[in-house]
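Printed here is structure18.pdb (PDB, C-alpha atoms, pLDDT in the B column):
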MODEL        1
ATOM      1  CA  GLN P  19       0.000   0.000   0.000  1.00 87.00           C
ATOM      2  CA  VAL P  20       1.184   3.509  -0.848  1.00 93.00           C
ATOM      3  CA  GLN P  21       0.185   6.674   0.974  1.00 95.00           C
ATOM      4  CA  LEU P  22       0.558  10.184  -0.400  1.00 96.00           C
ATOM      5  CA  VAL P  23       0.489  13.207   1.863  1.00 95.00           C
ATOM      6  CA  GLU P  24       0.211  16.612   0.246  1.00 96.00           C
ATOM      7  CA  SER P  25       0.896  19.953   1.819  1.00 95.00           C
ATOM      8  CA  GLY P  26       1.454  23.576   0.910  1.00 97.00           C
ATOM      9  CA  GLY P  27      -1.905  24.645  -0.442  1.00 95.00           C
ATOM     10  CA  GLY P  28      -3.718  27.727   0.737  1.00 97.00           C
ATOM     11  CA  LEU P  29      -4.968  31.184  -0.118  1.00 98.00           C
ATOM     12  CA  VAL P  30      -2.712  33.603  -1.970  1.00 98.00           C
ATOM     13  CA  GLN P  31      -3.167  36.864  -3.829  1.00 98.00           C
ATOM     14  CA  ALA P  32      -2.721  37.044  -7.567  1.00 98.00           C
ATOM     15  CA  GLY P  33       0.951  37.336  -8.426  1.00 98.00           C
ATOM     16  CA  GLY P  34       1.996  35.400  -5.356  1.00 98.00           C
ATOM     17  CA  SER P  35       3.699  32.038  -5.008  1.00 98.00           C
ATOM     18  CA  LEU P  36       3.053  28.716  -3.346  1.00 98.00           C
ATOM     19  CA  ARG P  37       5.052  25.513  -3.079  1.00 98.00           C
ATOM     20  CA  LEU P  38       3.244  22.219  -2.904  1.00 98.00           C
ATOM     21  CA  SER P  39       4.832  19.068  -1.532  1.00 98.00           C
ATOM     22  CA  CYS P  40       3.765  15.448  -1.747  1.00 98.00           C
ATOM     23  CA  ALA P  41       5.508  12.742   0.234  1.00 97.00           C
ATOM     24  CA  ALA P  42       4.988   9.106  -0.624  1.00 96.00           C
ATOM     25  CA  SER P  43       5.340   6.315   1.911  1.00 93.00           C
ATOM     26  CA  GLY P  44       4.539   2.644   2.213  1.00 91.00           C
ATOM     27  CA  SER P  45       5.437  -0.241  -0.066  1.00 80.00           C
ATOM     28  CA  ILE P  46       7.712   1.655  -2.405  1.00 83.00           C
ATOM     29  CA  PHE P  47      10.590   0.172  -4.322  1.00 79.00           C
ATOM     30  CA  SER P  48      10.984   2.841  -6.934  1.00 86.00           C
ATOM     31  CA  ILE P  49       8.633   5.551  -8.126  1.00 90.00           C
ATOM     32  CA  ASP P  50       8.600   5.787 -11.900  1.00 92.00           C
ATOM     33  CA  VAL P  51       6.677   9.008 -12.431  1.00 96.00           C
ATOM     34  CA  MET P  52       5.518  11.673 -10.004  1.00 97.00           C
ATOM     35  CA  GLY P  53       3.185  14.444 -10.930  1.00 98.00           C
ATOM     36  CA  TRP P  54       0.553  17.004 -10.171  1.00 98.00           C
ATOM     37  CA  TYR P  55      -2.930  17.375 -11.572  1.00 98.00           C
ATOM     38  CA  ARG P  56      -5.599  19.898 -10.751  1.00 98.00           C
ATOM     39  CA  GLN P  57      -9.356  20.149 -10.861  1.00 98.00           C
ATOM     40  CA  ALA P  58     -11.225  23.427 -10.838  1.00 97.00           C
ATOM     41  CA  PRO P  59     -14.924  23.612  -9.918  1.00 92.00           C
ATOM     42  CA  GLY P  60     -17.070  22.320 -12.751  1.00 95.00           C
ATOM     43  CA  LYS P  61     -14.081  21.204 -14.795  1.00 96.00           C
ATOM     44  CA  GLN P  62     -12.302  17.942 -15.483  1.00 97.00           C
ATOM     45  CA  ARG P  63      -9.076  17.041 -13.784  1.00 97.00           C
ATOM     46  CA  GLU P  64      -6.130  18.167 -15.901  1.00 97.00           C
ATOM     47  CA  LEU P  65      -2.412  17.605 -16.019  1.00 98.00           C
ATOM     48  CA  VAL P  66      -0.191  20.228 -14.435  1.00 98.00           C
ATOM     49  CA  ALA P  67       3.227  18.583 -14.642  1.00 98.00           C
ATOM     50  CA  THR P  68       5.016  15.264 -14.337  1.00 98.00           C
ATOM     51  CA  ILE P  69       8.599  14.254 -13.680  1.00 98.00           C
ATOM     52  CA  THR P  70      10.267  10.897 -14.220  1.00 96.00           C
ATOM     53  CA  ARG P  71      12.849   9.198 -12.054  1.00 93.00           C
ATOM     54  CA  ARG P  72      15.476  10.599 -14.406  1.00 93.00           C
ATOM     55  CA  ASP P  73      14.111  14.143 -14.040  1.00 95.00           C
ATOM     56  CA  ILE P  74      12.450  14.342 -17.434  1.00 97.00           C
ATOM     57  CA  THR P  75       9.658  16.841 -17.042  1.00 98.00           C
ATOM     58  CA  LYS P  76       6.404  17.506 -18.845  1.00 97.00           C
ATOM     59  CA  TYR P  77       4.166  20.524 -18.359  1.00 97.00           C
ATOM     60  CA  GLU P  78       0.777  21.662 -19.465  1.00 96.00           C
ATOM     61  CA  ASP P  79       1.782  24.188 -22.115  1.00 94.00           C
ATOM     62  CA  SER P  80       0.094  27.219 -20.577  1.00 92.00           C
ATOM     63  CA  LEU P  81       1.899  26.688 -17.253  1.00 94.00           C
ATOM     64  CA  LYS P  82       5.440  26.563 -18.576  1.00 90.00           C
ATOM     65  CA  GLY P  83       7.550  29.322 -17.120  1.00 93.00           C
ATOM     66  CA  ARG P  84       5.364  29.835 -14.064  1.00 97.00           C
ATOM     67  CA  PHE P  85       5.294  26.347 -12.528  1.00 98.00           C
ATOM     68  CA  THR P  86       8.298  24.144 -11.799  1.00 98.00           C
ATOM     69  CA  ILE P  87       8.149  20.498 -10.783  1.00 98.00           C
ATOM     70  CA  SER P  88      10.991  18.759  -8.976  1.00 98.00           C
ATOM     71  CA  ARG P  89      11.519  15.624  -6.927  1.00 96.00           C
ATOM     72  CA  ASP P  90      13.745  14.243  -4.209  1.00 95.00           C
ATOM     73  CA  ASN P  91      14.105  10.524  -4.794  1.00 93.00           C
ATOM     74  CA  ALA P  92      15.745   9.936  -1.417  1.00 93.00           C
ATOM     75  CA  LYS P  93      12.653  11.358   0.287  1.00 94.00           C
ATOM     76  CA  ASN P  94      10.090  10.014  -2.226  1.00 95.00           C
ATOM     77  CA  THR P  95       8.797  13.562  -2.450  1.00 97.00           C
ATOM     78  CA  VAL P  96       7.643  15.680  -5.353  1.00 98.00           C
ATOM     79  CA  TYR P  97       7.346  19.450  -5.295  1.00 98.00           C
ATOM     80  CA  LEU P  98       5.486  22.012  -7.348  1.00 98.00           C
ATOM     81  CA  GLN P  99       6.721  25.575  -7.212  1.00 98.00           C
ATOM     82  CA  MET P 100       3.997  27.902  -8.473  1.00 98.00           C
ATOM     83  CA  ASN P 101       4.871  31.511  -9.238  1.00 98.00           C
ATOM     84  CA  SER P 102       2.918  34.449 -10.645  1.00 98.00           C
ATOM     85  CA  LEU P 103      -0.296  32.769  -9.623  1.00 98.00           C
ATOM     86  CA  LYS P 104      -3.525  33.790 -11.304  1.00 97.00           C
ATOM     87  CA  PRO P 105      -7.150  33.446 -10.176  1.00 97.00           C
ATOM     88  CA  GLU P 106      -7.633  30.819 -12.881  1.00 96.00           C
ATOM     89  CA  ASP P 107      -5.074  28.643 -11.092  1.00 97.00           C
ATOM     90  CA  THR P 108      -7.618  28.156  -8.323  1.00 98.00           C
ATOM     91  CA  ALA P 109      -8.279  24.434  -8.023  1.00 98.00           C
ATOM     92  CA  VAL P 110      -7.731  21.342  -5.951  1.00 98.00           C
ATOM     93  CA  TYR P 111      -4.258  20.055  -6.727  1.00 98.00           C
ATOM     94  CA  TYR P 112      -3.690  16.310  -6.635  1.00 98.00           C
ATOM     95  CA  CYS P 113      -0.443  14.444  -6.342  1.00 98.00           C
ATOM     96  CA  ASN P 114      -0.059  11.365  -8.530  1.00 97.00           C
ATOM     97  CA  VAL P 115       2.632   8.696  -8.560  1.00 96.00           C
ATOM     98  CA  VAL P 116       3.154   5.688 -10.797  1.00 94.00           C
ATOM     99  CA  ILE P 117       4.806   2.610  -9.320  1.00 92.00           C
ATOM    100  CA  LEU P 118       5.156  -0.503 -11.464  1.00 90.00           C
ATOM    101  CA  ASN P 119       2.422   0.754 -13.821  1.00 90.00           C
ATOM    102  CA  ARG P 120      -0.013   1.364 -10.983  1.00 92.00           C
ATOM    103  CA  GLU P 121      -1.291   4.832 -10.152  1.00 94.00           C
ATOM    104  CA  TYR P 122      -1.811   6.305  -6.732  1.00 95.00           C
ATOM    105  CA  TRP P 123      -3.504   9.603  -5.882  1.00 97.00           C
ATOM    106  CA  GLY P 124      -3.280  11.982  -2.980  1.00 96.00           C
ATOM    107  CA  GLN P 125      -6.299  13.417  -1.245  1.00 96.00           C
ATOM    108  CA  GLY P 126      -5.830  16.830  -2.852  1.00 97.00           C
ATOM    109  CA  THR P 127      -4.886  20.226  -1.524  1.00 97.00           C
ATOM    110  CA  GLN P 128      -6.840  23.392  -2.188  1.00 98.00           C
ATOM    111  CA  VAL P 129      -5.145  26.332  -3.868  1.00 98.00           C
ATOM    112  CA  THR P 130      -7.139  29.549  -4.000  1.00 98.00           C
ATOM    113  CA  VAL P 131      -5.843  32.642  -5.772  1.00 98.00           C
ATOM    114  CA  SER P 132      -7.664  35.877  -5.062  1.00 97.00           C
ATOM    115  CA  SER P 133      -7.751  38.762  -7.508  1.00 94.00           C
TER     116      SER P 133
ENDMDL
END
How does this structure look as structure tokens?
Amino acid sequence: QVQLVESGGGLVQAGGSLRLSCAASGSIFSIDVMGWYRQAPGKQRELVATITRRDITKYEDSLKGRFTISRDNAKNTVYLQMNSLKPEDTAVYYCNVVILNREYWGQGTQVTVSS
């Protein structure tokens, strides 16, 4: 069993920054891919960014330059640095990890950006 614990969400003014963290624990040998997704009210969950064990990253195009994903393999932790936040970034952000082709999701952390 794998547990994911997210932290770092909250309320921030437009133009501000937040850093999300997600720590994985449990039956982990090696995490293949770690990532972040988000879901705004009334919308489908969408990709924010992913990072492989070899630090190959992928971003949703519109977020490039403002969001940065990173990971610490020794701590089984993935981070999402979010800068220049906009009200449209308001959503629940979910951590996702892939281990041996199986996906695991965090409980989500709320990010609210006020204008």
Q. Within 9 Å of P:Asn114, counting only C-alpha atoms, which residues qualify if same-chain residues fewer than 4 places away don't, as a list in words?
A.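 In the requested form, the answer reads Leu22, Cys40, Val51, Met52, Gly53, Trp54, Tyr55, Thr68, Glu121, Tyr122, Trp123 and Gly124 of chain P.
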Residues of the last selection are to be written out with C-alpha atoms, as a compact mmCIF listing (two decimals), keeping the file's coordinate frame.
# COMPACT_ATOMS: atom_id res chain seq x y z
CA LEU P 22 0.56 10.18 -0.40
CA CYS P 40 3.76 15.45 -1.75
CA VAL P 51 6.68 9.01 -12.43
CA MET P 52 5.52 11.67 -10.00
CA GLY P 53 3.18 14.44 -10.93
CA TRP P 54 0.55 17.00 -10.17
CA TYR P 55 -2.93 17.38 -11.57
CA THR P 68 5.02 15.26 -14.34
CA GLU P 121 -1.29 4.83 -10.15
CA TYR P 122 -1.81 6.30 -6.73
CA TRP P 123 -3.50 9.60 -5.88
CA GLY P 124 -3.28 11.98 -2.98
Fewer than 6 positions away in the same chain doesn't count, so skip those; otherwise give me all residues within 10 Å of P:Leu38, counting only C-alpha atoms, as a compact mmCIF listing (two decimals) with C-alpha atoms, in the frame of the given file.
# COMPACT_ATOMS: atom_id res chain seq x y z
CA GLU P 24 0.21 16.61 0.25
CA SER P 25 0.90 19.95 1.82
CA GLY P 26 1.45 23.58 0.91
CA GLY P 27 -1.90 24.64 -0.44
CA GLY P 28 -3.72 27.73 0.74
CA TRP P 54 0.55 17.00 -10.17
CA ILE P 87 8.15 20.50 -10.78
CA VAL P 96 7.64 15.68 -5.35
CA TYR P 97 7.35 19.45 -5.30
CA LEU P 98 5.49 22.01 -7.35
CA GLN P 99 6.72 25.58 -7.21
CA MET P 100 4.00 27.90 -8.47
CA TYR P 111 -4.26 20.06 -6.73
CA TYR P 112 -3.69 16.31 -6.64
CA CYS P 113 -0.44 14.44 -6.34
CA THR P 127 -4.89 20.23 -1.52
CA VAL P 129 -5.14 26.33 -3.87
Q: Given the file shown, enumerate the residues that the PyMOL selection byres ((chain P and resi 105) around 12) captures and present them as number ranges by chain.
A: P: 29-34, 58, 102-104, 106-109, 129-133
Please enclose the listed atoms of stretch 85-89 of chain P in an axis-aligned box, pad each side by 8 Å, and write out the centre and the three edge lengths in Å, rounded to one decimal, as AutoDock Vina command-line options.
--center_x 8.4 --center_y 21.0 --center_z -9.7 --size_x 22.2 --size_y 26.7 --size_z 21.6
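Atom pair atom CA of P:Ser43 / atom CA of P:Val66: separated by 22.2 Å.
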Q. Between P:Arg56, P:Arg37, P:Arg84, P:Arg89, which is the closest to P:Arg72 once you count only C-alpha atoms?
A.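 Under the stated criterion, the closest residue is P:Arg89.
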Q | Coordinates-based distance that separates atom CA of P:Ile49 from atom CA of P:Asp79 (Å, one decimal) | A |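 Those two atoms sit 24.3 Å apart.
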Q.
Just to confirm, what's the straight-line distance from atom CA of P:Thr86 to atom CA of P:Gly44 in Å (one decimal)?
A. 25.9 Å
Hey, what comes out of the PyMOL selection byres ((chain P and resi 118) around 8) on this file? Could you write it as a PDB file with C-alpha atoms, in the coordinates of the input?
ATOM      1  CA  ILE P  49       8.633   5.551  -8.126  1.00 90.00           C
ATOM      2  CA  ASP P  50       8.600   5.787 -11.900  1.00 92.00           C
ATOM      3  CA  VAL P 116       3.154   5.688 -10.797  1.00 94.00           C
ATOM      4  CA  ILE P 117       4.806   2.610  -9.320  1.00 92.00           C
ATOM      5  CA  ASN P 119       2.422   0.754 -13.821  1.00 90.00           C
ATOM      6  CA  ARG P 120      -0.013   1.364 -10.983  1.00 92.00           C
TER       7      ARG P 120
END
Model the absent atoms of stretch 79-101 of chain P so that N, CA, C and O atoms are present, and write the result as a PDB file, in the coordinates of the input.
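Saved as selection.pdb:
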ATOM      1  N   ASP P  79       1.113  23.104 -21.384  1.00 94.00           N
ATOM      2  CA  ASP P  79       1.782  24.188 -22.115  1.00 94.00           C
ATOM      3  C   ASP P  79       1.582  25.562 -21.493  1.00 94.00           C
ATOM      4  O   ASP P  79       2.525  26.361 -21.396  1.00 94.00           O
ATOM      5  N   SER P  80       0.381  25.865 -21.062  1.00 92.00           N
ATOM      6  CA  SER P  80       0.094  27.219 -20.577  1.00 92.00           C
ATOM      7  C   SER P  80       0.754  27.526 -19.237  1.00 92.00           C
ATOM      8  O   SER P  80       0.793  28.682 -18.810  1.00 92.00           O
ATOM      9  N   LEU P  81       1.294  26.489 -18.572  1.00 94.00           N
ATOM     10  CA  LEU P  81       1.899  26.688 -17.253  1.00 94.00           C
ATOM     11  C   LEU P  81       3.414  26.790 -17.301  1.00 94.00           C
ATOM     12  O   LEU P  81       4.050  27.121 -16.297  1.00 94.00           O
ATOM     13  N   LYS P  82       3.974  26.490 -18.458  1.00 90.00           N
ATOM     14  CA  LYS P  82       5.440  26.563 -18.576  1.00 90.00           C
ATOM     15  C   LYS P  82       5.920  27.970 -18.262  1.00 90.00           C
ATOM     16  O   LYS P  82       5.340  28.953 -18.710  1.00 90.00           O
ATOM     17  N   GLY P  83       6.991  28.033 -17.494  1.00 93.00           N
ATOM     18  CA  GLY P  83       7.550  29.322 -17.120  1.00 93.00           C
ATOM     19  C   GLY P  83       7.043  29.852 -15.798  1.00 93.00           C
ATOM     20  O   GLY P  83       7.713  30.662 -15.160  1.00 93.00           O
ATOM     21  N   ARG P  84       5.880  29.404 -15.368  1.00 97.00           N
ATOM     22  CA  ARG P  84       5.364  29.835 -14.064  1.00 97.00           C
ATOM     23  C   ARG P  84       5.447  28.733 -13.018  1.00 97.00           C
ATOM     24  O   ARG P  84       5.667  29.005 -11.841  1.00 97.00           O
ATOM     25  N   PHE P  85       5.269  27.487 -13.452  1.00 98.00           N
ATOM     26  CA  PHE P  85       5.294  26.347 -12.528  1.00 98.00           C
ATOM     27  C   PHE P  85       6.557  25.519 -12.772  1.00 98.00           C
ATOM     28  O   PHE P  85       6.968  25.351 -13.913  1.00 98.00           O
ATOM     29  N   THR P  86       7.124  25.004 -11.691  1.00 98.00           N
ATOM     30  CA  THR P  86       8.298  24.144 -11.799  1.00 98.00           C
ATOM     31  C   THR P  86       8.106  22.918 -10.922  1.00 98.00           C
ATOM     32  O   THR P  86       7.843  23.039  -9.725  1.00 98.00           O
ATOM     33  N   ILE P  87       8.253  21.749 -11.527  1.00 98.00           N
ATOM     34  CA  ILE P  87       8.149  20.498 -10.783  1.00 98.00           C
ATOM     35  C   ILE P  87       9.549  19.965 -10.510  1.00 98.00           C
ATOM     36  O   ILE P  87      10.456  20.113 -11.337  1.00 98.00           O
ATOM     37  N   SER P  88       9.715  19.374  -9.333  1.00 98.00           N
ATOM     38  CA  SER P  88      10.991  18.759  -8.976  1.00 98.00           C
ATOM     39  C   SER P  88      10.708  17.593  -8.028  1.00 98.00           C
ATOM     40  O   SER P  88       9.594  17.461  -7.517  1.00 98.00           O
ATOM     41  N   ARG P  89      11.716  16.757  -7.820  1.00 96.00           N
ATOM     42  CA  ARG P  89      11.519  15.624  -6.927  1.00 96.00           C
ATOM     43  C   ARG P  89      12.806  15.322  -6.180  1.00 96.00           C
ATOM     44  O   ARG P  89      13.904  15.609  -6.657  1.00 96.00           O
ATOM     45  N   ASP P  90      12.632  14.714  -5.017  1.00 95.00           N
ATOM     46  CA  ASP P  90      13.745  14.243  -4.209  1.00 95.00           C
ATOM     47  C   ASP P  90      13.548  12.741  -4.057  1.00 95.00           C
ATOM     48  O   ASP P  90      12.695  12.300  -3.275  1.00 95.00           O
ATOM     49  N   ASN P  91      14.295  11.980  -4.793  1.00 93.00           N
ATOM     50  CA  ASN P  91      14.105  10.524  -4.794  1.00 93.00           C
ATOM     51  C   ASN P  91      14.429   9.903  -3.437  1.00 93.00           C
ATOM     52  O   ASN P  91      13.818   8.920  -3.044  1.00 93.00           O
ATOM     53  N   ALA P  92      15.381  10.474  -2.733  1.00 93.00           N
ATOM     54  CA  ALA P  92      15.745   9.936  -1.417  1.00 93.00           C
ATOM     55  C   ALA P  92      14.594  10.081  -0.426  1.00 93.00           C
ATOM     56  O   ALA P  92      14.442   9.271   0.492  1.00 93.00           O
ATOM     57  N   LYS P  93      13.783  11.107  -0.613  1.00 94.00           N
ATOM     58  CA  LYS P  93      12.653  11.358   0.287  1.00 94.00           C
ATOM     59  C   LYS P  93      11.315  10.923  -0.313  1.00 94.00           C
ATOM     60  O   LYS P  93      10.274  11.103   0.316  1.00 94.00           O
ATOM     61  N   ASN P  94      11.339  10.390  -1.526  1.00 95.00           N
ATOM     62  CA  ASN P  94      10.090  10.014  -2.226  1.00 95.00           C
ATOM     63  C   ASN P  94       9.099  11.172  -2.222  1.00 95.00           C
ATOM     64  O   ASN P  94       7.905  10.994  -1.941  1.00 95.00           O
ATOM     65  N   THR P  95       9.598  12.341  -2.524  1.00 97.00           N
ATOM     66  CA  THR P  95       8.797  13.562  -2.450  1.00 97.00           C
ATOM     67  C   THR P  95       8.868  14.320  -3.770  1.00 97.00           C
ATOM     68  O   THR P  95       9.935  14.412  -4.379  1.00 97.00           O
ATOM     69  N   VAL P  96       7.723  14.843  -4.164  1.00 98.00           N
ATOM     70  CA  VAL P  96       7.643  15.680  -5.353  1.00 98.00           C
ATOM     71  C   VAL P  96       7.151  17.060  -4.933  1.00 98.00           C
ATOM     72  O   VAL P  96       6.348  17.194  -4.012  1.00 98.00           O
ATOM     73  N   TYR P  97       7.677  18.068  -5.604  1.00 98.00           N
ATOM     74  CA  TYR P  97       7.346  19.450  -5.295  1.00 98.00           C
ATOM     75  C   TYR P  97       6.769  20.143  -6.521  1.00 98.00           C
ATOM     76  O   TYR P  97       7.081  19.782  -7.656  1.00 98.00           O
ATOM     77  N   LEU P  98       5.977  21.166  -6.271  1.00 98.00           N
ATOM     78  CA  LEU P  98       5.486  22.012  -7.348  1.00 98.00           C
ATOM     79  C   LEU P  98       5.616  23.454  -6.888  1.00 98.00           C
ATOM     80  O   LEU P  98       4.907  23.882  -5.974  1.00 98.00           O
ATOM     81  N   GLN P  99       6.558  24.158  -7.494  1.00 98.00           N
ATOM     82  CA  GLN P  99       6.721  25.575  -7.212  1.00 98.00           C
ATOM     83  C   GLN P  99       5.848  26.353  -8.185  1.00 98.00           C
ATOM     84  O   GLN P  99       5.999  26.212  -9.399  1.00 98.00           O
ATOM     85  N   MET P 100       4.947  27.152  -7.651  1.00 98.00           N
ATOM     86  CA  MET P 100       3.997  27.902  -8.473  1.00 98.00           C
ATOM     87  C   MET P 100       4.222  29.391  -8.249  1.00 98.00           C
ATOM     88  O   MET P 100       4.072  29.879  -7.120  1.00 98.00           O
ATOM     89  N   ASN P 101       4.607  30.078  -9.303  1.00 98.00           N
ATOM     90  CA  ASN P 101       4.871  31.511  -9.238  1.00 98.00           C
ATOM     91  C   ASN P 101       3.885  32.276 -10.105  1.00 98.00           C
ATOM     92  O   ASN P 101       3.234  31.714 -10.980  1.00 98.00           O
TER      93      ASN P 101
END
